[in-house]
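Q: Can you keep this structure in mind? I'll have questions shortly.
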Amino acid sequence: MSATDIPRPKCYVQTWLTVDFLEKYLYITHVTVPMLNMIFLGAQMAFNILILIAIIKNNRIRTPSTLLLGNICIKDLVIASILQPNGIFRSINFLVQDNHCYKSAADDIRPFTVFLYRCVSLASWVMVSIDRWLAIRRASKYRVIFTRKRAYIAIGVGWIYSVVLSYLATFVMNKDQRYLLVFIQFGLTCLIIIYIQINVYRSIKAHGSNIGALTSAQQTQAAIEERVSITVAYFVIALAISYLPMIIDALLFYFGTNLSLMTSPWCEMLLLANGAINPFIWLKTSEQMRKAVKDAASLPSWMFSSRVAPAASSQETENT
(Lines give C-alpha, C1' and ligand atoms only; values in the text may rest on other atoms or scores of the structure.)
Protein backbone atom coordinates (compact mmCIF):
# COMPACT_ATOMS: atom_id res chain seq x y z
CA MET A 1 0.00 0.00 0.00
CA SER A 2 1.43 3.37 -1.00
CA ALA A 3 1.65 6.36 1.36
CA THR A 4 -1.22 8.04 -0.46
CA ASP A 5 -3.42 4.93 0.07
CA ILE A 6 -3.00 4.87 3.86
CA PRO A 7 -6.36 5.69 5.53
CA ARG A 8 -6.33 9.21 6.94
CA PRO A 9 -7.16 9.29 10.69
CA LYS A 10 -10.09 11.51 11.56
CA CYS A 11 -8.03 14.13 13.46
CA TYR A 12 -5.46 14.58 10.66
CA VAL A 13 -5.60 17.80 8.69
CA GLN A 14 -7.14 17.65 5.23
CA THR A 15 -4.26 19.05 3.19
CA TRP A 16 -1.95 17.98 0.38
CA LEU A 17 0.31 16.39 3.02
CA THR A 18 0.42 12.60 2.98
CA VAL A 19 -0.36 10.48 6.01
CA ASP A 20 3.19 9.10 5.87
CA PHE A 21 4.65 12.62 6.12
CA LEU A 22 2.29 13.56 8.96
CA GLU A 23 3.21 10.41 10.90
CA LYS A 24 6.93 11.17 10.66
CA TYR A 25 6.45 14.88 11.41
CA LEU A 26 4.27 14.22 14.46
CA TYR A 27 6.66 11.58 15.77
CA ILE A 28 9.59 14.04 15.61
CA THR A 29 7.41 16.77 17.16
CA HIS A 30 6.31 14.65 20.13
CA VAL A 31 9.86 13.48 20.79
CA THR A 32 11.37 16.99 20.62
CA VAL A 33 8.72 19.19 22.28
CA PRO A 34 8.61 17.29 25.63
CA MET A 35 12.38 17.64 26.02
CA LEU A 36 12.19 21.39 25.38
CA ASN A 37 9.22 21.67 27.75
CA MET A 38 11.20 19.97 30.53
CA ILE A 39 14.09 22.41 30.08
CA PHE A 40 11.80 25.45 30.12
CA LEU A 41 9.79 24.07 33.04
CA GLY A 42 12.91 23.64 35.18
CA ALA A 43 14.16 27.15 34.40
CA GLN A 44 10.71 28.63 34.91
CA MET A 45 10.19 27.02 38.32
CA ALA A 46 13.66 28.02 39.56
CA PHE A 47 13.64 31.66 38.41
CA ASN A 48 10.02 32.47 39.28
CA ILE A 49 10.24 30.91 42.75
CA LEU A 50 13.41 32.88 43.51
CA ILE A 51 11.78 36.13 42.38
CA LEU A 52 8.65 35.50 44.46
CA ILE A 53 10.76 34.66 47.52
CA ALA A 54 12.69 37.91 46.99
CA ILE A 55 9.46 39.93 46.77
CA ILE A 56 7.99 38.32 49.90
CA LYS A 57 11.19 38.68 51.88
CA ASN A 58 12.24 42.20 50.88
CA ASN A 59 9.81 45.01 51.73
CA ARG A 60 11.98 47.51 49.84
CA ILE A 61 11.06 46.10 46.43
CA ARG A 62 7.42 45.26 47.24
CA THR A 63 5.93 48.18 45.31
CA PRO A 64 2.65 48.10 43.32
CA SER A 65 4.65 47.76 40.09
CA THR A 66 6.60 44.81 41.48
CA LEU A 67 3.42 43.18 42.77
CA LEU A 68 1.84 43.35 39.31
CA LEU A 69 4.95 41.86 37.70
CA GLY A 70 5.10 39.28 40.49
CA ASN A 71 1.53 38.29 39.61
CA ILE A 72 2.86 37.23 36.20
CA CYS A 73 5.37 34.99 37.99
CA ILE A 74 2.51 33.47 40.01
CA LYS A 75 0.51 32.92 36.82
CA ASP A 76 3.46 31.15 35.20
CA LEU A 77 4.02 28.94 38.24
CA VAL A 78 0.39 28.00 38.85
CA ILE A 79 -0.86 27.54 35.29
CA ALA A 80 2.22 26.72 33.25
CA SER A 81 3.33 24.14 35.82
CA ILE A 82 0.05 22.38 34.99
CA LEU A 83 0.10 22.89 31.24
CA GLN A 84 3.73 21.95 30.61
CA PRO A 85 3.58 18.60 32.47
CA ASN A 86 0.26 17.98 30.73
CA GLY A 87 1.89 18.69 27.36
CA ILE A 88 4.74 16.30 28.20
CA PHE A 89 2.22 13.65 29.29
CA ARG A 90 0.18 14.08 26.08
CA SER A 91 3.23 13.68 23.85
CA ILE A 92 4.34 10.54 25.70
CA ASN A 93 0.81 9.15 25.39
CA PHE A 94 0.80 9.79 21.64
CA LEU A 95 4.07 7.86 21.30
CA VAL A 96 3.11 5.00 23.65
CA GLN A 97 -0.32 4.56 22.09
CA ASP A 98 1.15 5.04 18.59
CA ASN A 99 -1.90 7.23 17.95
CA HIS A 100 -1.60 10.98 17.43
CA CYS A 101 -5.37 11.34 17.79
CA TYR A 102 -5.39 9.76 21.25
CA LYS A 103 -7.18 11.69 24.01
CA SER A 104 -6.96 11.05 27.73
CA ALA A 105 -9.18 12.26 30.57
CA ALA A 106 -6.67 15.06 31.26
CA ASP A 107 -7.46 16.56 27.85
CA ASP A 108 -10.98 17.51 29.00
CA ILE A 109 -9.65 20.23 31.31
CA ARG A 110 -6.77 21.32 29.07
CA PRO A 111 -8.76 23.87 26.96
CA PHE A 112 -9.85 25.63 30.16
CA THR A 113 -6.31 25.92 31.52
CA VAL A 114 -4.96 27.09 28.14
CA PHE A 115 -7.62 29.80 27.89
CA LEU A 116 -7.09 30.77 31.54
CA TYR A 117 -3.34 31.13 30.95
CA ARG A 118 -3.98 33.49 28.04
CA CYS A 119 -6.63 35.51 29.88
CA VAL A 120 -4.56 36.01 33.02
CA SER A 121 -1.51 36.89 30.93
CA LEU A 122 -3.31 39.53 28.86
CA ALA A 123 -5.22 40.98 31.83
CA SER A 124 -1.96 41.22 33.80
CA TRP A 125 -0.20 43.06 31.00
CA VAL A 126 -3.04 45.55 30.68
CA MET A 127 -2.71 46.29 34.41
CA VAL A 128 1.08 46.57 34.17
CA SER A 129 0.77 48.93 31.19
CA ILE A 130 -1.76 51.13 33.01
CA ASP A 131 0.54 51.18 36.05
CA ARG A 132 3.43 52.40 33.86
CA TRP A 133 1.21 55.05 32.26
CA LEU A 134 0.17 56.38 35.66
CA ALA A 135 3.75 56.33 36.98
CA ILE A 136 5.06 58.29 34.00
CA ARG A 137 2.13 60.55 33.06
CA ARG A 138 0.71 61.16 36.56
CA ALA A 139 3.93 60.97 38.57
CA SER A 140 2.87 63.49 41.23
CA LYS A 141 -0.34 61.58 42.07
CA TYR A 142 0.82 58.04 41.27
CA ARG A 143 1.59 57.01 44.85
CA VAL A 144 -1.81 58.18 46.02
CA ILE A 145 -3.72 56.63 43.10
CA PHE A 146 -2.01 53.24 42.96
CA THR A 147 -1.20 51.75 46.37
CA ARG A 148 -0.27 48.23 47.38
CA LYS A 149 -3.81 47.57 48.52
CA ARG A 150 -5.22 48.62 45.13
CA ALA A 151 -2.60 46.50 43.39
CA TYR A 152 -3.81 43.44 45.33
CA ILE A 153 -7.43 44.28 44.45
CA ALA A 154 -6.54 44.70 40.74
CA ILE A 155 -4.75 41.33 40.74
CA GLY A 156 -7.76 39.63 42.37
CA VAL A 157 -10.21 41.18 39.90
CA GLY A 158 -7.98 40.09 37.01
CA TRP A 159 -7.98 36.46 38.16
CA ILE A 160 -11.76 36.41 38.76
CA TYR A 161 -12.41 37.93 35.31
CA SER A 162 -10.07 35.39 33.69
CA VAL A 163 -11.62 32.37 35.44
CA VAL A 164 -15.18 33.41 34.52
CA LEU A 165 -14.31 34.19 30.89
CA SER A 166 -12.33 30.96 30.53
CA TYR A 167 -15.22 28.92 31.93
CA LEU A 168 -17.69 30.52 29.52
CA ALA A 169 -15.35 30.06 26.55
CA THR A 170 -14.63 26.41 27.36
CA PHE A 171 -17.89 25.00 28.67
CA VAL A 172 -20.65 27.32 27.42
CA MET A 173 -19.67 28.70 24.00
CA ASN A 174 -19.44 26.65 20.82
CA LYS A 175 -16.24 26.54 18.75
CA ASP A 176 -17.19 29.44 16.43
CA GLN A 177 -18.16 31.67 19.36
CA ARG A 178 -14.94 30.74 21.16
CA TYR A 179 -12.74 31.71 18.21
CA LEU A 180 -14.66 34.96 17.77
CA LEU A 181 -14.11 35.72 21.46
CA VAL A 182 -10.39 35.00 21.08
CA PHE A 183 -10.10 37.45 18.18
CA ILE A 184 -12.09 40.17 19.96
CA GLN A 185 -10.32 39.72 23.30
CA PHE A 186 -6.84 39.44 21.85
CA GLY A 187 -7.39 42.22 19.36
CA LEU A 188 -8.74 44.74 21.86
CA THR A 189 -6.22 43.79 24.54
CA CYS A 190 -3.27 44.07 22.17
CA LEU A 191 -4.48 47.46 20.90
CA ILE A 192 -4.84 48.74 24.48
CA ILE A 193 -1.36 47.51 25.45
CA ILE A 194 0.25 48.95 22.30
CA TYR A 195 -1.51 52.32 22.72
CA ILE A 196 -0.49 52.63 26.39
CA GLN A 197 3.11 51.54 25.73
CA ILE A 198 3.49 54.08 22.91
CA ASN A 199 2.26 56.82 25.25
CA VAL A 200 4.67 55.65 27.95
CA TYR A 201 7.56 55.73 25.46
CA ARG A 202 6.65 59.23 24.31
CA SER A 203 6.41 60.45 27.90
CA ILE A 204 9.83 59.03 28.73
CA LYS A 205 11.32 60.88 25.76
CA ALA A 206 9.57 64.08 26.88
CA HIS A 207 11.02 63.69 30.38
CA GLY A 208 14.46 63.29 28.87
CA SER A 209 14.21 66.54 26.95
CA ASN A 210 12.87 68.43 30.01
CA ILE A 211 15.13 66.88 32.62
CA GLY A 212 16.62 70.26 33.55
CA ALA A 213 13.23 71.56 34.67
CA LEU A 214 12.82 68.78 37.26
CA THR A 215 13.98 68.88 40.86
CA SER A 216 16.59 66.34 42.00
CA ALA A 217 13.88 64.27 43.75
CA GLN A 218 11.74 64.31 40.60
CA GLN A 219 14.74 63.31 38.48
CA THR A 220 15.47 60.36 40.79
CA GLN A 221 11.85 59.23 40.72
CA ALA A 222 11.66 59.63 36.94
CA ALA A 223 14.79 57.50 36.56
CA ILE A 224 13.29 54.75 38.74
CA GLU A 225 10.02 54.68 36.80
CA GLU A 226 11.80 54.77 33.45
CA ARG A 227 13.93 51.77 34.38
CA VAL A 228 10.80 49.81 35.32
CA SER A 229 9.12 50.89 32.07
CA ILE A 230 12.10 49.64 30.04
CA THR A 231 11.83 46.26 31.77
CA VAL A 232 8.11 46.15 30.99
CA ALA A 233 8.78 47.04 27.34
CA TYR A 234 11.13 44.03 27.01
CA PHE A 235 8.46 41.85 28.63
CA VAL A 236 5.86 43.03 26.10
CA ILE A 237 8.20 42.33 23.17
CA ALA A 238 8.85 38.79 24.45
CA LEU A 239 5.11 38.29 24.95
CA ALA A 240 4.38 39.42 21.37
CA ILE A 241 6.99 37.03 19.97
CA SER A 242 5.58 34.08 21.94
CA TYR A 243 2.00 34.82 20.86
CA LEU A 244 2.70 35.51 17.17
CA PRO A 245 2.76 31.88 15.90
CA MET A 246 -0.47 31.11 17.78
CA ILE A 247 -2.19 34.17 16.30
CA ILE A 248 -1.11 33.15 12.78
CA ASP A 249 -2.39 29.62 13.42
CA ALA A 250 -5.75 30.98 14.65
CA LEU A 251 -6.08 33.23 11.59
CA LEU A 252 -5.37 30.29 9.27
CA PHE A 253 -8.03 28.24 11.06
CA TYR A 254 -10.54 31.09 10.83
CA PHE A 255 -10.03 31.30 7.06
CA GLY A 256 -10.41 27.55 6.55
CA THR A 257 -6.91 26.06 6.94
CA ASN A 258 -6.69 23.89 10.05
CA LEU A 259 -3.06 23.07 10.88
CA SER A 260 -3.54 22.87 14.64
CA LEU A 261 -2.55 19.20 14.91
CA MET A 262 0.87 20.09 13.47
CA THR A 263 1.39 23.53 15.00
CA SER A 264 -0.31 23.48 18.42
CA PRO A 265 2.48 21.57 20.28
CA TRP A 266 5.08 24.09 19.07
CA CYS A 267 2.84 27.13 19.63
CA GLU A 268 1.96 26.00 23.14
CA MET A 269 5.59 25.24 23.96
CA LEU A 270 6.70 28.70 22.79
CA LEU A 271 3.87 30.38 24.70
CA LEU A 272 4.74 28.59 27.93
CA ALA A 273 8.47 29.19 27.40
CA ASN A 274 7.63 32.86 27.96
CA GLY A 275 7.29 31.94 31.64
CA ALA A 276 11.02 31.15 31.76
CA ILE A 277 12.03 34.17 29.66
CA ASN A 278 10.19 36.81 31.74
CA PRO A 279 12.15 36.32 34.99
CA PHE A 280 15.40 36.24 33.01
CA ILE A 281 14.51 39.64 31.48
CA TRP A 282 13.60 41.02 34.90
CA LEU A 283 16.89 39.89 36.41
CA LYS A 284 18.84 41.16 33.42
CA THR A 285 17.32 44.66 33.45
CA SER A 286 16.87 45.29 37.19
CA GLU A 287 19.92 45.51 39.44
CA GLN A 288 17.66 45.87 42.48
CA MET A 289 15.87 42.59 41.68
CA ARG A 290 19.19 40.82 41.05
CA LYS A 291 20.43 41.85 44.50
CA ALA A 292 17.15 40.80 46.12
CA VAL A 293 17.19 37.39 44.40
CA LYS A 294 20.86 36.87 45.27
CA ASP A 295 20.05 37.65 48.89
CA ALA A 296 17.06 35.29 48.85
CA ALA A 297 19.06 32.49 47.17
CA SER A 298 21.87 32.81 49.72
CA LEU A 299 19.43 32.33 52.60
CA PRO A 300 17.61 29.00 52.09
CA SER A 301 16.16 29.36 55.60
CA TRP A 302 14.69 32.77 54.78
CA MET A 303 11.25 31.86 56.07
CA PHE A 304 12.69 31.17 59.52
CA SER A 305 14.82 34.30 59.58
CA SER A 306 13.97 37.20 61.86
CA ARG A 307 16.07 39.63 59.85
CA VAL A 308 14.17 42.79 58.95
CA ALA A 309 14.74 44.54 55.63
CA PRO A 310 16.06 48.10 55.94
CA ALA A 311 13.59 50.93 55.62
CA ALA A 312 12.95 52.07 52.07
CA SER A 313 13.61 55.57 50.86
CA SER A 314 10.79 57.96 50.15
CA GLN A 315 11.15 57.26 46.45
CA GLU A 316 10.76 53.49 46.89
CA THR A 317 8.20 53.13 49.68
CA GLU A 318 4.61 52.83 48.50
CA ASN A 319 1.43 53.73 50.35
CA THR A 320 -0.53 50.82 51.69
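Ligands are numbered from 1 in the order shown, chains are lettered A, B, ... in the order of the C-alpha coordinates, and residues start at 1 in each chain.
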I need the residues in stretch 1-135 of chain A that are alpha helix (DSSP H) according to DSSP; give them as JSON, numbers by chain.

A: {"A": [19, 20, 21, 22, 23, 24, 25, 26, 27, 28, 29, 30, 31, 32, 33, 34, 35, 36, 37, 38, 39, 40, 41, 42, 43, 44, 45, 46, 47, 48, 49, 50, 51, 52, 53, 54, 55, 56, 57, 64, 65, 66, 67, 68, 69, 70, 71, 72, 73, 74, 75, 81, 82, 83, 84, 85, 86, 87, 88, 89, 90, 91, 92, 93, 94, 95, 96, 97, 110, 111, 112, 113, 114, 115, 116, 117, 118, 119, 120, 121, 122, 123, 124, 125, 126, 127, 128, 129, 130, 131, 132, 133, 134, 135]}

Q: Find the residue from A:Lys294, A:Arg90, A:Arg202, A:Arg150 that sits nearest to A:Tyr102; use only C-alpha atoms when measuring.

A: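 Of the candidates, the smallest distance to A:Tyr102 is held by A:Arg90.
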
Q: Quick one: of A:Thr263, A:Gln97, A:Gln185, A:Asn278, who's nearest to A:Gln44, counting only C-alpha atoms?

A: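 The closest residue to A:Gln44 is A:Asn278.
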
Q: Compare A:Leu52, A:Glu225, A:Met38, A:His100 by their minimum atom-to-atom distance to A:Arg143, counting only C-alpha atoms, and give me the closest one.

A: A:Glu225

Q: Considering only C-alpha atoms, state which residue in the set A:Ile145, A:Leu77, A:Val126, A:Ile28 is at the smallest distance from A:Ile92.

A: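 The shortest atom-to-atom distance to A:Ile92 comes from A:Ile28.
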
Q: Nearest residue to A:Ser162 out of A:Thr147, A:Ser81, A:Ser121, A:Ser140, using only C-alpha atoms?

A: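 Under the stated criterion, the closest residue is A:Ser121.
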
Q: Write out as a PyMOL selection string which residues come within 8 Å of stretch 65-71 of chain A when counting only C-alpha atoms, dropping same-chain ones fewer than 4 positions away.

A: chain A and resi 51-52+55+61+75+124+127-128+131-132+148+151-152+155

Q: Please determine, counting only C-alpha atoms, which residue among A:Val163, A:Ala238, A:Met262, A:Ile53 has the shortest atom-to-atom distance to A:Tyr117.

A: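 Comparing A:Val163, A:Ala238, A:Met262, A:Ile53 against A:Tyr117, the winner is A:Val163.
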
Q: Quick one: pull the distance between atom CA of A:Leu36 and atom CA of A:Met289, Å, one decimal.

A: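 Rounded to one decimal, the two atoms are 27.0 Å apart.
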